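Below is one structure, written out as structure tokens; the observations come after it.
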Amino acid sequence: MRKIGDHLKKTASNWLDIPQDVATNVPRVMITGSHRVHVVNHLGVVRFRDTEIRIKTVKETLFITGKGLTIQAIHSEELWVEGEIAEVKFGE
Amino acid sequence: MRQRNWSQRIKGHLTVDVKGPNITAFINRATEERFSLSQIQWIGDEHVRLVMSVEDYFRVKPLARETRSKVRIISKQGLPFFLLRLQRRKFFAIGILLFFLLIFVLTSFVWSVDVEGNERVPTREILQLLKNQGVYAGQFKGRIPSDEKMQIYLQDKLPQLSWVGFRMEGTRIVVTVVEKKGVDNKEVEEDKGPVQFVAKKDALIYDMKILRGRPLVEVNDVIKKGQLLVSGRYGNPETPEKGKVVGVKGSVLGRVWYESDVVVPLTLKRKVYTGARDEAYYPYVASRAIRIPFLYPVDFTQYETISHIRSLHLGKWRLPFGWVTEERMEMEWVKQKLNEKEALRLGKERARVELLSESGQQARILGEKVLHHHVDSGKVYMKIHFDVVENIAVPQPILQGD
């Protein structure tokens with residue numbers, strides 16, 4: 001799983017041509033439709049409810065709110081949240 | 001990334017409930033420890049449900065203690081658990097295998113051979129022909145020749161059929177037969193064309209019923225065998241060759257006298273059942289009875305057996321096994337002595353039956369008389385005179401000049 005993460009990181013940095021992001025552990029958030037959020041470089045889950053998930057990142061906390069939220073998979077660097085997503089925002 | 005990939009399936013995974021005050025801590029610690037958690041669902045406060053691999057489950061204990069969580073297995077998925085279950089239900093698995101094997105084996109045999117559509121050709125004959133070609137109930141399906149071959153073979157062997165169909169319906173073989181339409185005997189008679197009546201034998205005309213044709217004789221005429229009785233031509237009797245041909249319809253009854261010689265022995269041997277009977281049962285498999293020697297001893301010195309075959313049926317199929325009920329009936333030979341009078345009566349009766357069977361359905365006995373009899377070495381010899389009325393007209397085609 002770590003390999004995949006590394007690979008993703010590599011391809012993403014090559015593709016986006018912003019290697020410093022990866023180096024500084026800034027989170028990257030990918031939203032697919034309104035049902036999936038993919039977070040790379042997270043630092044753990046702070047709060048977990050089916051209506052709200054808070055994810056710790058380097059500086060801020062990432063708030064994901066919606067309905068029937070589940071963490072589809074969680075690995076040391078990335079995680080997927082699925083469900084009816086209403087809002088994704090950064091906050092303290 | 002797919003939620004459940006093949007490696008997960010083969011290795012097996014568990015759905016577990018995690019309860020505790022620090023669920024998020026548990027999740028974070030697990031991620032740090034490189035657990036692969038997936039499908040984390042929030043169920044209630046301090047209660048989540050998630051899926052983890054089996055390997056991870058074995059090292060979850062210290063982690064749970066650390067975060068004061070309780071981990072409980074809800075369900076197990078994947079190949080290892082399936083195999084485990086299968087191992088526990090070994091006989092069930094064997095049963096399933098056996099079931100399919102049995103079905104395969106049983107369906108690879110012919111269970112019954114049916115013949116359809118035959119009226120005159122006996123089913124037995126067709127079955128025998130099939131058997132010669134290796135087609136019978138109990139035969140391995142693979143050994144049966146192709147439908148076409150069988151069709152040609154049957155057609156060849158049974159020329160009285162206009163068509164033969166041979167097909168396999170699962171474990172049943174169906175032979176469909178179409179018979180050639182035979183020409184009816186009645187039609188033959190009517191097809192003969194115009195006929196005239198001639199006498200079958202010497203007789204005295206007793207009665208005549210002529211619907212068509214010109215009678216040449218009258219009631220109470222004495223006629224000779226072969227004499228023309230009713231002409232099929234109308235017209236001037238003086239020139240019979242020129243009359244109009246119409247044919248004859250009707251019947252001519254004549255009185256005929258017969259003399260029969262009958263011999264009746266004075267002692268009759270007859271078979272009599274004593275009434276004592278018992279039954280024996282044998283199983284049979286594939287038309288072979290399995291006799292169990294000492295199971296049903298025979299108590300009678302002289303007996304007759306009647307076998308009833310009881311075959312088992314499964315739906316509409318007759319199974320090739322069942323049992324035979326054998327009924328044994330004790331019997332004796334009884335010698336019956338007859339006096340002369342009885343012998344004569346018996347002789348008459350026999351002669352009568354014989355006579356009527358010879359002279360046809362219309363025949364009627366007017367009178368009978370024992371002309372003379374004598375007893376010689378335990379037998380009565382007699383000569384009986386019969387006065388019989390019977391149809392003496394024989395239809396004969398009218399020969400036309402050219």
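Ordering of the structure tokens sets the chain letters (A, B, ...), residue numbers begin anew at 1 in every chain, and ligands are numbered from 1 in the order given.
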Could you please select, counting only C-alpha atoms, the residues of chain A within 12 Å of chain B and state them as a PyMOL selection string? chain A and resi 1-2+4-5+8+38+42-56+67-83
Print the selection's residues with N, CA and C atoms to a file, as a compact mmCIF listing (two decimals), in the first residue's frame.
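What ended up in again_22.txt:
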# COMPACT_ATOMS: atom_id res chain seq x y z
N MET A 1 0.82 -1.20 0.00
CA MET A 1 0.00 0.00 0.00
C MET A 1 0.87 1.26 0.00
N ARG A 2 1.94 1.12 0.70
CA ARG A 2 2.85 2.25 0.77
C ARG A 2 3.46 2.51 -0.60
N ILE A 4 2.11 1.98 -3.44
CA ILE A 4 1.12 2.65 -4.28
C ILE A 4 1.10 4.15 -3.95
N GLY A 5 1.17 4.41 -2.64
CA GLY A 5 1.18 5.80 -2.20
C GLY A 5 2.38 6.56 -2.76
N LEU A 8 1.92 7.06 -6.41
CA LEU A 8 0.95 8.13 -6.68
C LEU A 8 1.62 9.48 -6.48
N HIS A 38 -10.78 11.99 -1.72
CA HIS A 38 -9.53 11.26 -1.61
C HIS A 38 -8.49 12.22 -1.03
N HIS A 42 -2.46 12.87 4.95
CA HIS A 42 -3.24 13.22 6.13
C HIS A 42 -2.43 12.83 7.36
N LEU A 43 -2.85 13.33 8.48
CA LEU A 43 -2.12 13.01 9.72
C LEU A 43 -3.03 12.36 10.74
N GLY A 44 -4.11 11.78 10.27
CA GLY A 44 -4.98 11.05 11.21
C GLY A 44 -6.38 11.63 11.27
N VAL A 45 -7.26 10.81 11.83
CA VAL A 45 -8.66 11.20 11.94
C VAL A 45 -8.85 11.83 13.32
N VAL A 46 -9.50 12.98 13.35
CA VAL A 46 -9.74 13.66 14.62
C VAL A 46 -11.12 13.31 15.15
N ARG A 47 -12.08 13.33 14.26
CA ARG A 47 -13.45 13.07 14.69
C ARG A 47 -14.12 12.22 13.60
N PHE A 48 -14.90 11.32 14.05
CA PHE A 48 -15.54 10.43 13.05
C PHE A 48 -17.01 10.23 13.39
N ARG A 49 -17.86 10.71 12.55
CA ARG A 49 -19.32 10.53 12.64
C ARG A 49 -19.80 10.19 11.23
N ASP A 50 -21.04 9.75 11.12
CA ASP A 50 -21.49 9.49 9.76
C ASP A 50 -21.95 10.79 9.08
N THR A 51 -22.00 11.88 9.85
CA THR A 51 -22.36 13.16 9.24
C THR A 51 -21.16 14.10 9.10
N GLU A 52 -20.11 13.78 9.83
CA GLU A 52 -18.94 14.67 9.78
C GLU A 52 -17.66 13.89 10.06
N ILE A 53 -16.65 14.17 9.24
CA ILE A 53 -15.34 13.58 9.49
C ILE A 53 -14.32 14.71 9.50
N ARG A 54 -13.52 14.75 10.56
CA ARG A 54 -12.46 15.77 10.60
C ARG A 54 -11.13 15.05 10.46
N ILE A 55 -10.31 15.58 9.54
CA ILE A 55 -9.03 14.95 9.27
C ILE A 55 -7.92 15.96 9.53
N LYS A 56 -6.95 15.52 10.31
CA LYS A 56 -5.84 16.39 10.66
C LYS A 56 -4.83 16.42 9.51
N LYS A 67 -23.77 13.00 4.53
CA LYS A 67 -24.65 11.98 5.11
C LYS A 67 -24.07 10.60 4.82
N GLY A 68 -24.18 9.70 5.76
CA GLY A 68 -23.75 8.31 5.58
C GLY A 68 -22.28 8.20 5.18
N LEU A 69 -21.45 8.97 5.84
CA LEU A 69 -20.04 8.97 5.47
C LEU A 69 -19.33 7.73 6.04
N THR A 70 -18.48 7.15 5.22
CA THR A 70 -17.65 6.06 5.70
C THR A 70 -16.24 6.30 5.21
N ILE A 71 -15.30 5.78 5.96
CA ILE A 71 -13.92 5.80 5.48
C ILE A 71 -13.72 4.49 4.73
N GLN A 72 -13.66 4.60 3.43
CA GLN A 72 -13.57 3.37 2.64
C GLN A 72 -12.24 2.67 2.85
N ALA A 73 -11.19 3.43 2.95
CA ALA A 73 -9.89 2.83 3.22
C ALA A 73 -9.01 3.87 3.86
N ILE A 74 -8.19 3.41 4.76
CA ILE A 74 -7.25 4.35 5.38
C ILE A 74 -5.88 3.70 5.46
N HIS A 75 -4.88 4.44 4.95
CA HIS A 75 -3.50 3.98 5.04
C HIS A 75 -2.70 5.11 5.67
N SER A 76 -1.43 4.90 5.89
CA SER A 76 -0.66 5.87 6.65
C SER A 76 -0.61 7.25 5.98
N GLU A 77 -0.73 7.28 4.65
CA GLU A 77 -0.62 8.59 4.01
C GLU A 77 -1.89 9.05 3.30
N GLU A 78 -2.73 8.08 2.95
CA GLU A 78 -3.91 8.51 2.21
C GLU A 78 -5.16 7.83 2.76
N LEU A 79 -6.29 8.46 2.45
CA LEU A 79 -7.55 7.85 2.84
C LEU A 79 -8.65 8.26 1.87
N TRP A 80 -9.70 7.43 1.84
CA TRP A 80 -10.86 7.73 0.99
C TRP A 80 -12.07 7.88 1.90
N VAL A 81 -12.84 8.88 1.62
CA VAL A 81 -14.11 9.01 2.33
C VAL A 81 -15.20 8.89 1.28
N GLU A 82 -16.20 8.08 1.59
CA GLU A 82 -17.31 7.97 0.65
C GLU A 82 -18.61 8.24 1.35
N GLY A 83 -19.61 8.65 0.59
CA GLY A 83 -20.93 8.96 1.14
C GLY A 83 -21.52 10.15 0.38
Neighbour list for range 164-166 of chain B as a list in words, cut-off 7 Å, only C-alpha atoms, skip fewer than 5 positions in-chain: Asp147, Met150, Gln151, Leu154, Gln155, Val174, Val175, Thr176, Val177 and Val178 of chain B
Mind checking which residues fall within 12 Å of range 301-305 of chain B, counting only C-alpha atoms, ignoring those fewer than 4 positions away in the same chain, and posting them as a PDB file with N, CA and C atoms, in the first residue's frame?
ATOM      1  N   LYS B 271     -57.296 -80.934 -13.351  1.00  0.00           N
ATOM      2  CA  LYS B 271     -56.481 -80.202 -12.400  1.00  0.00           C
ATOM      3  C   LYS B 271     -57.419 -79.480 -11.445  1.00  0.00           C
ATOM      4  N   VAL B 272     -57.180 -79.659 -10.153  1.00  0.00           N
ATOM      5  CA  VAL B 272     -58.048 -79.001  -9.174  1.00  0.00           C
ATOM      6  C   VAL B 272     -57.172 -78.279  -8.159  1.00  0.00           C
ATOM      7  N   TYR B 273     -57.497 -77.036  -7.922  1.00  0.00           N
ATOM      8  CA  TYR B 273     -56.781 -76.290  -6.877  1.00  0.00           C
ATOM      9  C   TYR B 273     -57.389 -76.646  -5.538  1.00  0.00           C
ATOM     10  N   THR B 274     -56.537 -76.923  -4.574  1.00  0.00           N
ATOM     11  CA  THR B 274     -57.059 -77.295  -3.258  1.00  0.00           C
ATOM     12  C   THR B 274     -57.479 -76.079  -2.454  1.00  0.00           C
ATOM     13  N   GLY B 275     -57.039 -74.930  -2.856  1.00  0.00           N
ATOM     14  CA  GLY B 275     -57.397 -73.720  -2.114  1.00  0.00           C
ATOM     15  C   GLY B 275     -56.281 -73.247  -1.225  1.00  0.00           C
ATOM     16  N   ALA B 276     -55.328 -74.146  -0.927  1.00  0.00           N
ATOM     17  CA  ALA B 276     -54.192 -73.727  -0.107  1.00  0.00           C
ATOM     18  C   ALA B 276     -53.252 -72.911  -0.982  1.00  0.00           C
ATOM     19  N   ARG B 277     -52.819 -71.802  -0.435  1.00  0.00           N
ATOM     20  CA  ARG B 277     -51.904 -70.984  -1.222  1.00  0.00           C
ATOM     21  C   ARG B 277     -51.000 -70.191  -0.292  1.00  0.00           C
ATOM     22  N   ASP B 278     -49.859 -69.818  -0.795  1.00  0.00           N
ATOM     23  CA  ASP B 278     -49.049 -68.858  -0.052  1.00  0.00           C
ATOM     24  C   ASP B 278     -48.287 -67.987  -1.043  1.00  0.00           C
ATOM     25  N   GLU B 279     -47.623 -66.997  -0.488  1.00  0.00           N
ATOM     26  CA  GLU B 279     -46.971 -66.031  -1.352  1.00  0.00           C
ATOM     27  C   GLU B 279     -45.498 -65.910  -1.012  1.00  0.00           C
ATOM     28  N   ALA B 280     -44.719 -65.620  -2.021  1.00  0.00           N
ATOM     29  CA  ALA B 280     -43.292 -65.383  -1.808  1.00  0.00           C
ATOM     30  C   ALA B 280     -42.941 -64.067  -2.484  1.00  0.00           C
ATOM     31  N   PRO B 297     -39.979 -71.225   1.917  1.00  0.00           N
ATOM     32  CA  PRO B 297     -39.974 -72.637   1.535  1.00  0.00           C
ATOM     33  C   PRO B 297     -41.323 -73.047   0.930  1.00  0.00           C
ATOM     34  N   VAL B 324     -41.068 -59.008  -7.047  1.00  0.00           N
ATOM     35  CA  VAL B 324     -41.969 -59.947  -7.680  1.00  0.00           C
ATOM     36  C   VAL B 324     -42.766 -60.632  -6.575  1.00  0.00           C
ATOM     37  N   THR B 325     -44.051 -60.658  -6.715  1.00  0.00           N
ATOM     38  CA  THR B 325     -44.880 -61.414  -5.792  1.00  0.00           C
ATOM     39  C   THR B 325     -45.214 -62.721  -6.486  1.00  0.00           C
ATOM     40  N   GLU B 326     -44.820 -63.793  -5.847  1.00  0.00           N
ATOM     41  CA  GLU B 326     -45.078 -65.092  -6.455  1.00  0.00           C
ATOM     42  C   GLU B 326     -46.175 -65.786  -5.661  1.00  0.00           C
ATOM     43  N   GLU B 327     -47.250 -66.094  -6.325  1.00  0.00           N
ATOM     44  CA  GLU B 327     -48.354 -66.737  -5.649  1.00  0.00           C
ATOM     45  C   GLU B 327     -48.271 -68.225  -5.981  1.00  0.00           C
ATOM     46  N   ARG B 328     -48.234 -69.040  -4.921  1.00  0.00           N
ATOM     47  CA  ARG B 328     -48.177 -70.487  -5.170  1.00  0.00           C
ATOM     48  C   ARG B 328     -49.515 -71.080  -4.777  1.00  0.00           C
ATOM     49  N   MET B 329     -50.040 -71.866  -5.655  1.00  0.00           N
ATOM     50  CA  MET B 329     -51.337 -72.470  -5.370  1.00  0.00           C
ATOM     51  C   MET B 329     -51.200 -73.982  -5.447  1.00  0.00           C
ATOM     52  N   GLU B 330     -51.573 -74.606  -4.382  1.00  0.00           N
ATOM     53  CA  GLU B 330     -51.489 -76.065  -4.368  1.00  0.00           C
ATOM     54  C   GLU B 330     -52.531 -76.634  -5.305  1.00  0.00           C
ATOM     55  N   MET B 331     -52.175 -77.697  -5.987  1.00  0.00           N
ATOM     56  CA  MET B 331     -53.156 -78.301  -6.883  1.00  0.00           C
ATOM     57  C   MET B 331     -53.016 -79.821  -6.869  1.00  0.00           C
ATOM     58  N   GLU B 332     -54.043 -80.420  -7.345  1.00  0.00           N
ATOM     59  CA  GLU B 332     -54.025 -81.884  -7.428  1.00  0.00           C
ATOM     60  C   GLU B 332     -54.599 -82.295  -8.765  1.00  0.00           C
ATOM     61  N   TRP B 333     -54.211 -83.490  -9.169  1.00  0.00           N
ATOM     62  CA  TRP B 333     -54.862 -84.065 -10.341  1.00  0.00           C
ATOM     63  C   TRP B 333     -55.995 -84.933  -9.840  1.00  0.00           C
TER      64      TRP B 333
END
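Shell of Lys249 in chain B at 8 Å, with only C-alpha atoms counted and residues fewer than 5 places along the chain excluded, is Ile210, Leu211, Arg212 and Gly213 of chain B.
Among B:Val263, B:Arg270, B:Leu312, B:Val334, the residue with the shortest atom-to-atom distance to Ala351 in chain B, counting only C-alpha atoms, is B:Val263.
Summary of the local environment: counting only C-alpha atoms, residues at most 6 Å from Pro395 in chain B, other than itself and those fewer than 2 positions away along its chain, are Val195, Gln196 and Phe197 of chain B.
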Go ahead and write the selection's residues with C-alpha atoms as a PDB file, in the first residue's frame.
ATOM      1  CA  VAL B 195     -70.026 -61.338 -57.945  1.00  0.00           C
ATOM      2  CA  GLN B 196     -72.396 -64.225 -58.199  1.00  0.00           C
ATOM      3  CA  PHE B 197     -73.134 -66.863 -55.592  1.00  0.00           C
TER       4      PHE B 197
END
Quick one: DSSP strand (DSSP E or B) residues in range 187-367 of chain B, as a ChimeraX atom specification? /B:195-199,203-212,214-215,222-223,228-231,233-234,244-245,249-265,267-285,288-289,303-314,317-337,364-367
Ile205 in chain B environment, 12 Å, only C-alpha atoms, sequence neighbours closer than 6 positions dropped, as a ChimeraX atom specification: /B:199,215-224,229,251-256,388-393
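For chain A, the set of residues given alpha helix (DSSP H) by DSSP on the backbone reads Arg2, Lys3, Ile4, Gly5, Asp6, His7, Leu8, Lys9, Lys10, Thr11, Ala12, Ser13, Asn14, Trp15, Leu16, Pro19, Gln20, Asp21, Val22 and Ala23 of chain A.
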If you measure from CA of Lys131 in chain B to CA of Ser108 in chain B, what distance in Å do you get, rounded to one decimal? 17.6 Å
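Distance-wise, CA of Tyr381 in chain B and CA of Lys341 in chain B end up 12.3 Å apart.
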